[in-house]
Number of protein chains: 2
Amino acid sequence: MVTIKDVAKAANVSISTVSRVLNNSGYSSMSTKEKVNKAVEELKFQKNMVATAMIKKQTSTLGLIIPDIKNIFYGELTRAIEDQAHQYGFNVILCNTDNDLEKEAEYLNFLLRKGIDGIIFSTPEINDKNIREVMKNRPDVPLILLGSQVKNVRLDEVLVDNFEGGYQATAHLLDHGHQRIGYIGGQKDSYATVERYKGYAKALEDYGIEPMDEYLKLDEFKIHSGYHRGKELLKMSEPPTAVFAGNDAIAVGVYKAARELGISIPEELSVIGFDDSQFAEIVDPELTTIRTPISEMGEKTVELAIQIVREGKNFKETVTFQPSLIERGSTAKVNDHYLVRKYPS
Amino acid sequence: MVTIKDVAKAANVSISTVSRVLNNSGYSSMSTKEKVNKAVEELKFQKNMVATAMIKKQTSTLGLIIPDIKNIFYGELTRAIEDQAHQYGFNVILCNTDNDLEKEAEYLNFLLRKGIDGIIFSTPEINDKNIREVMKNRPDVPLILLGSQVKNVRLDEVLVDNFEGGYQATAHLLDHGHQRIGYIGGQKDSYATVERYKGYAKALEDYGIEPMDEYLKLDEFKIHSGYHRGKELLKMSEPPTAVFAGNDAIAVGVYKAARELGISIPEELSVIGFDDSQFAEIVDPELTTIRTPISEMGEKTVELAIQIVREGKNFKETVTFQPSLIERGSTAKVNDHYLVRKYPS
DNA sequence: TTGAAAGCGCTAACAA
DNA sequence: TTGTTAGCGCTTTCAA
């Protein structure tokens, strides 16, 4: 390994001089600069960042905590984050926790000991236990929440307006004449699940409809959840004519359930998703969904994180992005014929 | 920050004693062990891994180079790799290159300077330029190829038998009576594209059919490629009755093309994919595909990498996994009626 | 404008 | 069984 020492020897200067020209700090004459740069090139010297990290206490790496990178939503989010981090000269260490708090704690421990410069949390169920622990023991490490909030914890947060999204989705369905609208959410304690539900309930209320408990199902933000809960919904004696799925994966599961039951979308059942992930354009009919500006949120999060790292202070800022309705083929006017056929008198 | 020094002071021993009990190396009496451990607990001491890395020249982190984590195939692969790495106490730094050699070089540079212990390469088009550079300048850093081979470079490799997979896929179609079979591959120079094509061609040959250039399309391993190339294929005056898609994403694109042209799968067109990714079970009908044992390959790769890191030598081993046919609903017997309808006399 | 020297937090001889 | 000491490769005073 070529070190600064080798460069110093080759350039016939001291290592501190080499360091100075390498970092463009302090003074150095043009001629020594040239000498040093020449030696650097000849020896193909690359500064060892571990040594720098030890002194500066900065590693130019961020930790990213998510439940599962296989989940397409996190794939898109992670890509945006990694790209932006790369722009700023940072690397990201990926941590998949499966929402397991112990696993999360292990990762946290590792990240902290490796001296990462900041941690981005993006898990649906954020339990404050680990977060509080980190805040207490390592107040120097920037933490940023992406997509979720934690009760009673004040941190920088980047969110999508889930309430608004839930409202838009439900209003869209109501505007198409649907009255029996199911909601299949993710984890019960998830911020997104709760907020989207609130938007859903508010829309129903505004349209003069009482939310029915039977139409409310909570599970996980996964395909199989949508499938099972969707089946439950569709097999009811008075099934909903439309389903607001907590995310696109759940919507995909609902498609599958409907297919198996011979129910066609959107003729007999309208489905609306959330996120506008890749899934939305793959299914047939293409999925009407609420777009979460995933990339923008990822980018903003990294910018915030790096700003905090550089300026050394949390802003305790909350940045909220607005969702938007993307209308495709999975939602349509409620079909009275269907109602008649399934429930004659 | 609590350091080993603080612990030493609290336990009333020297720092080397603390280091010894921390690492369970050398001798130390039961009583001092207890003293030290107590101090460690009280102070909540965590060993700074940056300092250790500097001395040991090991960071317990691996670099993973892929084209794009948004791509569902790499999501699954990355998850398997990260999990296994975590098992061994390693972290992984994610690098998305978009197959851009310059970007790849940048990442490589970073990883090397950060002292990562090994690099896993998993990109379809592996150009040997960057790899050779690393091998030359940093022969001490383990490199492992996952999913691809590079000409004239001998490295540890973990592969799936692409030829066999291509053969199986094509034979399956041929067994169903198809004679006009299209192949839509990924990047022209990609190892997977080429090997799968060879398997395809060999199967045709074995069944006495001459491969036709018009039925061969190459693009990228992406949905839109499958869509565009699929349309080209399906709009031919004598279109194929079956398509072997180079991967599941391409197959999804073919579905879309078929849908737009009013061609139904599998009645009028059989489609077979490759990988058995999440996409396969989402589409309707579910996709018949060749299963690549993604998780197993990811795990094996990490095991190899860590073995090399620990034992300090490359084995130059090639591990090949066997693919398998997963039959679902997208392939069926060739439909003579269709042929007649579309080409009367 | 440059160099000597101390030190980041830890490990590993070596001596005691 | 323990402590002293010399580094790992770099940055950063401080003197010169």
# chains A, B, ... in the order shown; residues from 1 in each chain; ligands from 1
call {"tool": "residues_around", "arguments": {"residues": "region 226-228 of chain B", "least_positions_apart": "2", "cutoff": "8 Å", "atoms": "only C-alpha atoms (C1' of nucleotides)", "output": "NGL selection string"}}
result
:B and (184 or 221-224 or 230-232 or 245 or 249-257)
call {"tool": "residues_around", "arguments": {"residues": "region 118-125 of chain B", "least_positions_apart": "4", "cutoff": "8 Å", "atoms": "only C-alpha atoms (C1' of nucleotides)", "output": "mmCIF file with C-alpha atoms, in the first residue's frame"}}
result
data_model
loop_
_atom_site.group_PDB
_atom_site.id
_atom_site.type_symbol
_atom_site.label_atom_id
_atom_site.label_comp_id
_atom_site.auth_asym_id
_atom_site.auth_seq_id
_atom_site.Cartn_x
_atom_site.Cartn_y
_atom_site.Cartn_z
ATOM 1 C CA THR B 61 -17.565 -4.402 5.134
ATOM 2 C CA LEU B 62 -18.128 -5.590 1.617
ATOM 3 C CA GLY B 63 -18.827 -3.547 -1.479
ATOM 4 C CA LEU B 64 -21.640 -4.638 -3.745
ATOM 5 C CA ILE B 65 -21.689 -3.389 -7.297
ATOM 6 C CA ILE B 66 -24.907 -3.773 -9.246
ATOM 7 C CA PRO B 67 -26.539 -1.826 -12.057
ATOM 8 C CA ASN B 99 -23.632 -0.221 -16.153
ATOM 9 C CA VAL B 141 -8.588 -7.116 -2.413
ATOM 10 C CA PRO B 142 -10.859 -10.101 -3.055
ATOM 11 C CA LEU B 143 -13.112 -9.744 -6.068
ATOM 12 C CA ILE B 144 -16.009 -12.046 -6.754
ATOM 13 C CA LEU B 145 -18.164 -12.228 -9.835
ATOM 14 C CA LEU B 146 -21.811 -13.008 -9.361
ATOM 15 C CA GLY B 147 -23.861 -13.987 -12.355
ATOM 16 C CA SER B 148 -21.359 -13.141 -15.033
ATOM 17 C CA GLN B 187 -27.571 -6.484 -23.551
ATOM 18 C CA ASP B 189 -22.485 -8.350 -24.569
ATOM 19 C CA SER B 190 -24.057 -9.722 -21.468
ATOM 20 C CA TYR B 191 -22.936 -13.146 -20.432
ATOM 21 C CA ALA B 192 -26.495 -14.151 -19.560
ATOM 22 C CA THR B 301 -21.110 -15.531 -2.947
ATOM 23 C CA ALA B 305 -15.992 -13.688 -0.204
ATOM 24 C CA ILE B 306 -15.616 -14.006 3.515
ATOM 25 C CA VAL B 309 -11.045 -12.429 3.299
#
call {"tool": "interface_residues", "arguments": {"of": "chain B", "to": "chain D", "cutoff": "10 Å", "atoms": "only C-alpha atoms (C1' of nucleotides)", "output": "ChimeraX atom specification"}}
result
/B:13-17,26-29,32,51-57
call {"tool": "residues_around", "arguments": {"residues": "DG9 (chain C)", "least_positions_apart": "5", "cutoff": "9 Å", "atoms": "only C-alpha atoms (C1' of nucleotides)", "output": "PyMOL selection string"}}
result
(chain A and resi 54) or (chain B and resi 3-5+47-52)
call {"tool": "write_last_selection", "arguments": {"atoms": "N, CA, C and O atoms", "output": "tab-separated table (two decimals), in the first residue's frame"}}
result
chain	number	residue	atom	x	y	z
A	54	MET	N	-10.39	8.41	11.22
A	54	MET	CA	-9.99	8.33	12.62
A	54	MET	C	-9.76	9.73	13.21
A	54	MET	O	-10.17	10.02	14.32
B	3	THR	N	-13.62	5.87	25.35
B	3	THR	CA	-12.55	5.10	24.72
B	3	THR	C	-11.99	4.06	25.68
B	3	THR	O	-12.33	4.03	26.86
B	4	ILE	N	-11.13	3.27	25.13
B	4	ILE	CA	-10.49	2.21	25.89
B	4	ILE	C	-9.72	2.80	27.09
B	4	ILE	O	-9.56	2.16	28.12
B	5	LYS	N	-9.29	4.03	26.90
B	5	LYS	CA	-8.55	4.72	27.96
B	5	LYS	C	-9.44	4.94	29.19
B	5	LYS	O	-9.03	4.73	30.34
B	47	LYS	N	-16.37	-0.52	21.25
B	47	LYS	CA	-15.09	-0.40	20.57
B	47	LYS	C	-15.24	0.35	19.24
B	47	LYS	O	-16.11	0.06	18.45
B	48	ASN	N	-14.38	1.29	19.04
B	48	ASN	CA	-14.36	2.06	17.79
B	48	ASN	C	-13.73	1.21	16.69
B	48	ASN	O	-12.55	0.88	16.71
B	49	MET	N	-14.57	0.86	15.72
B	49	MET	CA	-14.09	-0.05	14.68
B	49	MET	C	-13.18	0.64	13.68
B	49	MET	O	-12.46	-0.02	12.94
B	50	VAL	N	-13.23	1.94	13.64
B	50	VAL	CA	-12.34	2.65	12.71
B	50	VAL	C	-10.89	2.45	13.15
B	50	VAL	O	-10.01	2.17	12.33
B	51	ALA	N	-10.68	2.57	14.44
B	51	ALA	CA	-9.31	2.39	14.96
B	51	ALA	C	-8.83	0.97	14.72
B	51	ALA	O	-7.70	0.73	14.27
B	52	THR	N	-9.72	0.02	14.97
B	52	THR	CA	-9.35	-1.38	14.74
B	52	THR	C	-9.04	-1.61	13.27
B	52	THR	O	-8.08	-2.31	12.92
call {"tool": "interface_residues", "arguments": {"of": "chain A", "to": "chain B", "cutoff": "6 Å", "atoms": "only C-alpha atoms", "output": "PyMOL selection string"}}
result
chain A and resi 48-50+69-70+75-76+92-93+113-114
call {"tool": "write_last_selection", "arguments": {"atoms": "all heavy atoms", "output": "PDB file, in the first residue's frame"}}
result
ATOM      1  N   ASN A  48      -5.784   6.990   2.192  1.00  0.00           N
ATOM      2  CA  ASN A  48      -6.501   6.014   2.998  1.00  0.00           C
ATOM      3  C   ASN A  48      -7.560   6.731   3.838  1.00  0.00           C
ATOM      4  O   ASN A  48      -7.242   7.499   4.746  1.00  0.00           O
ATOM      5  CB  ASN A  48      -5.494   5.288   3.894  1.00  0.00           C
ATOM      6  CG  ASN A  48      -6.153   4.243   4.752  1.00  0.00           C
ATOM      7  OD1 ASN A  48      -7.303   4.376   5.135  1.00  0.00           O
ATOM      8  ND2 ASN A  48      -5.412   3.195   5.056  1.00  0.00           N
ATOM      9  N   MET A  49      -8.819   6.450   3.544  1.00  0.00           N
ATOM     10  CA  MET A  49      -9.890   7.159   4.228  1.00  0.00           C
ATOM     11  C   MET A  49     -10.116   6.674   5.657  1.00  0.00           C
ATOM     12  O   MET A  49     -10.760   7.356   6.449  1.00  0.00           O
ATOM     13  CB  MET A  49     -11.178   7.041   3.427  1.00  0.00           C
ATOM     14  CG  MET A  49     -11.079   7.761   2.093  1.00  0.00           C
ATOM     15  SD  MET A  49     -12.570   7.575   1.114  1.00  0.00           S
ATOM     16  CE  MET A  49     -13.514   8.971   1.721  1.00  0.00           C
ATOM     17  N   VAL A  50      -9.603   5.509   5.948  1.00  0.00           N
ATOM     18  CA  VAL A  50      -9.763   5.018   7.326  1.00  0.00           C
ATOM     19  C   VAL A  50      -8.954   5.903   8.270  1.00  0.00           C
ATOM     20  O   VAL A  50      -9.435   6.312   9.336  1.00  0.00           O
ATOM     21  CB  VAL A  50      -9.329   3.546   7.453  1.00  0.00           C
ATOM     22  CG1 VAL A  50      -9.453   3.095   8.891  1.00  0.00           C
ATOM     23  CG2 VAL A  50     -10.171   2.659   6.542  1.00  0.00           C
ATOM     24  N   ILE A  69     -35.251  -4.678   1.307  1.00  0.00           N
ATOM     25  CA  ILE A  69     -34.938  -4.127  -0.012  1.00  0.00           C
ATOM     26  C   ILE A  69     -35.654  -4.893  -1.130  1.00  0.00           C
ATOM     27  O   ILE A  69     -35.781  -4.386  -2.241  1.00  0.00           O
ATOM     28  CB  ILE A  69     -33.404  -4.117  -0.241  1.00  0.00           C
ATOM     29  CG1 ILE A  69     -33.023  -3.338  -1.501  1.00  0.00           C
ATOM     30  CG2 ILE A  69     -32.854  -5.543  -0.360  1.00  0.00           C
ATOM     31  CD1 ILE A  69     -33.269  -1.865  -1.395  1.00  0.00           C
ATOM     32  N   LYS A  70     -36.123  -6.077  -0.850  1.00  0.00           N
ATOM     33  CA  LYS A  70     -36.884  -6.829  -1.866  1.00  0.00           C
ATOM     34  C   LYS A  70     -38.201  -6.105  -2.163  1.00  0.00           C
ATOM     35  O   LYS A  70     -38.748  -6.212  -3.249  1.00  0.00           O
ATOM     36  CB  LYS A  70     -37.234  -8.242  -1.364  1.00  0.00           C
ATOM     37  CG  LYS A  70     -36.103  -9.225  -1.417  1.00  0.00           C
ATOM     38  CD  LYS A  70     -36.603 -10.663  -1.477  1.00  0.00           C
ATOM     39  CE  LYS A  70     -37.564 -11.052  -0.365  1.00  0.00           C
ATOM     40  NZ  LYS A  70     -36.962 -11.025   0.965  1.00  0.00           N
ATOM     41  N   GLY A  75     -36.880  -0.410  -2.818  1.00  0.00           N
ATOM     42  CA  GLY A  75     -35.913  -0.440  -3.898  1.00  0.00           C
ATOM     43  C   GLY A  75     -35.816   0.942  -4.528  1.00  0.00           C
ATOM     44  O   GLY A  75     -34.722   1.476  -4.739  1.00  0.00           O
ATOM     45  N   GLU A  76     -36.967   1.522  -4.792  1.00  0.00           N
ATOM     46  CA  GLU A  76     -36.980   2.829  -5.432  1.00  0.00           C
ATOM     47  C   GLU A  76     -36.432   3.915  -4.499  1.00  0.00           C
ATOM     48  O   GLU A  76     -35.657   4.774  -4.907  1.00  0.00           O
ATOM     49  CB  GLU A  76     -38.404   3.155  -5.911  1.00  0.00           C
ATOM     50  CG  GLU A  76     -38.848   2.171  -6.992  1.00  0.00           C
ATOM     51  CD  GLU A  76     -40.264   2.395  -7.538  1.00  0.00           C
ATOM     52  OE1 GLU A  76     -40.814   3.486  -7.356  1.00  0.00           O
ATOM     53  OE2 GLU A  76     -40.790   1.452  -8.148  1.00  0.00           O
ATOM     54  N   VAL A  92     -23.492   4.480   1.103  1.00  0.00           N
ATOM     55  CA  VAL A  92     -24.520   4.058   2.044  1.00  0.00           C
ATOM     56  C   VAL A  92     -24.433   2.570   2.361  1.00  0.00           C
ATOM     57  O   VAL A  92     -24.235   1.739   1.489  1.00  0.00           O
ATOM     58  CB  VAL A  92     -25.966   4.511   1.640  1.00  0.00           C
ATOM     59  CG1 VAL A  92     -25.984   5.319   0.393  1.00  0.00           C
ATOM     60  CG2 VAL A  92     -26.935   3.379   1.606  1.00  0.00           C
ATOM     61  N   ILE A  93     -24.554   2.313   3.643  1.00  0.00           N
ATOM     62  CA  ILE A  93     -24.573   0.935   4.141  1.00  0.00           C
ATOM     63  C   ILE A  93     -26.034   0.544   4.314  1.00  0.00           C
ATOM     64  O   ILE A  93     -26.798   1.230   4.981  1.00  0.00           O
ATOM     65  CB  ILE A  93     -23.849   0.830   5.490  1.00  0.00           C
ATOM     66  CG1 ILE A  93     -22.351   1.014   5.275  1.00  0.00           C
ATOM     67  CG2 ILE A  93     -24.124  -0.526   6.139  1.00  0.00           C
ATOM     68  CD1 ILE A  93     -21.526   0.848   6.528  1.00  0.00           C
ATOM     69  N   ARG A 113     -20.518   2.043  15.758  1.00  0.00           N
ATOM     70  CA  ARG A 113     -19.123   1.685  16.005  1.00  0.00           C
ATOM     71  C   ARG A 113     -18.255   1.893  14.778  1.00  0.00           C
ATOM     72  O   ARG A 113     -17.045   2.063  14.881  1.00  0.00           O
ATOM     73  CB  ARG A 113     -19.033   0.237  16.474  1.00  0.00           C
ATOM     74  CG  ARG A 113     -19.634   0.070  17.859  1.00  0.00           C
ATOM     75  CD  ARG A 113     -19.595  -1.365  18.303  1.00  0.00           C
ATOM     76  NE  ARG A 113     -18.301  -1.964  18.017  1.00  0.00           N
ATOM     77  CZ  ARG A 113     -18.066  -3.263  18.021  1.00  0.00           C
ATOM     78  NH1 ARG A 113     -19.035  -4.108  18.304  1.00  0.00           N
ATOM     79  NH2 ARG A 113     -16.873  -3.733  17.759  1.00  0.00           N
ATOM     80  N   LYS A 114     -18.885   1.852  13.633  1.00  0.00           N
ATOM     81  CA  LYS A 114     -18.110   2.080  12.416  1.00  0.00           C
ATOM     82  C   LYS A 114     -17.979   3.558  12.101  1.00  0.00           C
ATOM     83  O   LYS A 114     -17.407   3.931  11.088  1.00  0.00           O
ATOM     84  CB  LYS A 114     -18.757   1.344  11.237  1.00  0.00           C
ATOM     85  CG  LYS A 114     -18.550  -0.153  11.305  1.00  0.00           C
ATOM     86  CD  LYS A 114     -18.796  -0.817   9.982  1.00  0.00           C
ATOM     87  CE  LYS A 114     -18.497  -2.309  10.100  1.00  0.00           C
ATOM     88  NZ  LYS A 114     -18.892  -3.063   8.896  1.00  0.00           N
TER      89      LYS A 114
END
call {"tool": "interface_residues", "arguments": {"of": "chain C", "to": "chain A", "cutoff": "12 Å", "atoms": "only C-alpha atoms (C1' of nucleotides)", "output": "list of chain:residue names"}}
result
C:DT1, C:DT2, C:DG3, C:DA4, C:DA5, C:DG7, C:DC8, C:DG9, C:DC10
call {"tool": "atom_distance", "arguments": {"atom1": "CA of Val150 (chain B)", "atom2": "CA of Val319 (chain B)"}}
result
14.6 Å
call {"tool": "select_by_dssp", "arguments": {"residues": "region 66-139 of chain A", "states": "alpha helix (DSSP H)", "output": "VMD selection string"}}
result
chain A and resid 72 to 87 101 to 113 128 to 137
call {"tool": "write_last_selection", "arguments": {"atoms": "N, CA and C atoms", "output": "short mmCIF file (atom, residue, chain, number, x, y, z; two decimals), in the first residue's frame"}}
result
data_model
loop_
_atom_site.label_atom_id
_atom_site.label_comp_id
_atom_site.auth_asym_id
_atom_site.auth_seq_id
_atom_site.Cartn_x
_atom_site.Cartn_y
_atom_site.Cartn_z
N ILE A 72 -40.39 -3.52 -3.39
CA ILE A 72 -40.12 -2.64 -4.51
C ILE A 72 -40.13 -1.15 -4.13
N PHE A 73 -40.95 -0.82 -3.16
CA PHE A 73 -41.01 0.56 -2.69
C PHE A 73 -39.65 0.98 -2.13
N TYR A 74 -39.07 0.13 -1.33
CA TYR A 74 -37.77 0.45 -0.75
C TYR A 74 -36.66 0.38 -1.78
N GLY A 75 -36.88 -0.41 -2.82
CA GLY A 75 -35.91 -0.44 -3.90
C GLY A 75 -35.82 0.94 -4.53
N GLU A 76 -36.97 1.52 -4.79
CA GLU A 76 -36.98 2.83 -5.43
C GLU A 76 -36.43 3.92 -4.50
N LEU A 77 -36.83 3.81 -3.26
CA LEU A 77 -36.37 4.78 -2.27
C LEU A 77 -34.84 4.69 -2.09
N THR A 78 -34.37 3.48 -1.96
CA THR A 78 -32.95 3.26 -1.74
C THR A 78 -32.12 3.76 -2.91
N ARG A 79 -32.65 3.54 -4.09
CA ARG A 79 -31.92 4.00 -5.26
C ARG A 79 -31.77 5.52 -5.23
N ALA A 80 -32.85 6.19 -4.91
CA ALA A 80 -32.81 7.66 -4.86
C ALA A 80 -31.82 8.12 -3.79
N ILE A 81 -31.85 7.47 -2.68
CA ILE A 81 -30.96 7.85 -1.58
C ILE A 81 -29.50 7.59 -1.94
N GLU A 82 -29.27 6.43 -2.48
CA GLU A 82 -27.88 6.08 -2.80
C GLU A 82 -27.33 7.03 -3.87
N ASP A 83 -28.14 7.32 -4.86
CA ASP A 83 -27.71 8.24 -5.91
C ASP A 83 -27.32 9.59 -5.35
N GLN A 84 -28.19 10.12 -4.55
CA GLN A 84 -27.95 11.44 -4.00
C GLN A 84 -26.72 11.43 -3.09
N ALA A 85 -26.61 10.40 -2.30
CA ALA A 85 -25.45 10.28 -1.41
C ALA A 85 -24.16 10.27 -2.24
N HIS A 86 -24.21 9.52 -3.31
CA HIS A 86 -23.04 9.42 -4.19
C HIS A 86 -22.66 10.79 -4.75
N GLN A 87 -23.67 11.57 -5.10
CA GLN A 87 -23.44 12.93 -5.57
C GLN A 87 -22.59 13.73 -4.58
N LEU A 101 -36.99 -5.34 15.94
CA LEU A 101 -36.29 -4.36 16.76
C LEU A 101 -34.91 -4.81 17.21
N GLU A 102 -34.78 -6.10 17.46
CA GLU A 102 -33.46 -6.59 17.89
C GLU A 102 -32.45 -6.51 16.77
N LYS A 103 -32.93 -6.89 15.59
CA LYS A 103 -32.05 -6.81 14.43
C LYS A 103 -31.67 -5.35 14.20
N GLU A 104 -32.63 -4.49 14.35
CA GLU A 104 -32.38 -3.07 14.16
C GLU A 104 -31.32 -2.58 15.14
N ALA A 105 -31.46 -3.04 16.38
CA ALA A 105 -30.50 -2.62 17.41
C ALA A 105 -29.09 -3.10 17.06
N GLU A 106 -29.00 -4.31 16.55
CA GLU A 106 -27.70 -4.85 16.15
C GLU A 106 -27.06 -3.97 15.08
N TYR A 107 -27.88 -3.66 14.07
CA TYR A 107 -27.37 -2.83 12.99
C TYR A 107 -26.92 -1.47 13.51
N LEU A 108 -27.75 -0.90 14.34
CA LEU A 108 -27.45 0.41 14.89
C LEU A 108 -26.10 0.39 15.59
N ASN A 109 -25.93 -0.63 16.39
CA ASN A 109 -24.69 -0.81 17.12
C ASN A 109 -23.49 -0.82 16.17
N PHE A 110 -23.61 -1.63 15.16
CA PHE A 110 -22.56 -1.73 14.15
C PHE A 110 -22.27 -0.40 13.49
N LEU A 111 -23.32 0.24 13.05
CA LEU A 111 -23.16 1.50 12.33
C LEU A 111 -22.46 2.53 13.20
N LEU A 112 -22.90 2.60 14.42
CA LEU A 112 -22.32 3.57 15.34
C LEU A 112 -20.84 3.29 15.57
N ARG A 113 -20.52 2.04 15.76
CA ARG A 113 -19.12 1.69 16.01
C ARG A 113 -18.26 1.89 14.78
N ASP A 128 -40.00 3.69 19.22
CA ASP A 128 -39.03 4.70 19.61
C ASP A 128 -37.88 4.16 20.47
N LYS A 129 -37.98 2.90 20.85
CA LYS A 129 -36.98 2.36 21.78
C LYS A 129 -35.54 2.54 21.27
N ASN A 130 -35.26 1.98 20.15
CA ASN A 130 -33.91 2.08 19.61
C ASN A 130 -33.52 3.52 19.32
N ILE A 131 -34.47 4.25 18.77
CA ILE A 131 -34.18 5.63 18.42
C ILE A 131 -33.79 6.45 19.66
N ARG A 132 -34.59 6.29 20.68
CA ARG A 132 -34.30 7.03 21.91
C ARG A 132 -32.93 6.66 22.47
N GLU A 133 -32.64 5.38 22.39
CA GLU A 133 -31.36 4.89 22.89
C GLU A 133 -30.20 5.60 22.17
N VAL A 134 -30.32 5.64 20.86
CA VAL A 134 -29.27 6.29 20.08
C VAL A 134 -29.19 7.77 20.42
N MET A 135 -30.36 8.40 20.49
CA MET A 135 -30.38 9.83 20.79
C MET A 135 -29.71 10.13 22.14
N LYS A 136 -29.91 9.20 23.04
CA LYS A 136 -29.36 9.42 24.37
C LYS A 136 -27.84 9.16 24.40
N ASN A 137 -27.46 8.02 23.87
CA ASN A 137 -26.05 7.64 23.95
C ASN A 137 -25.17 8.35 22.93
#
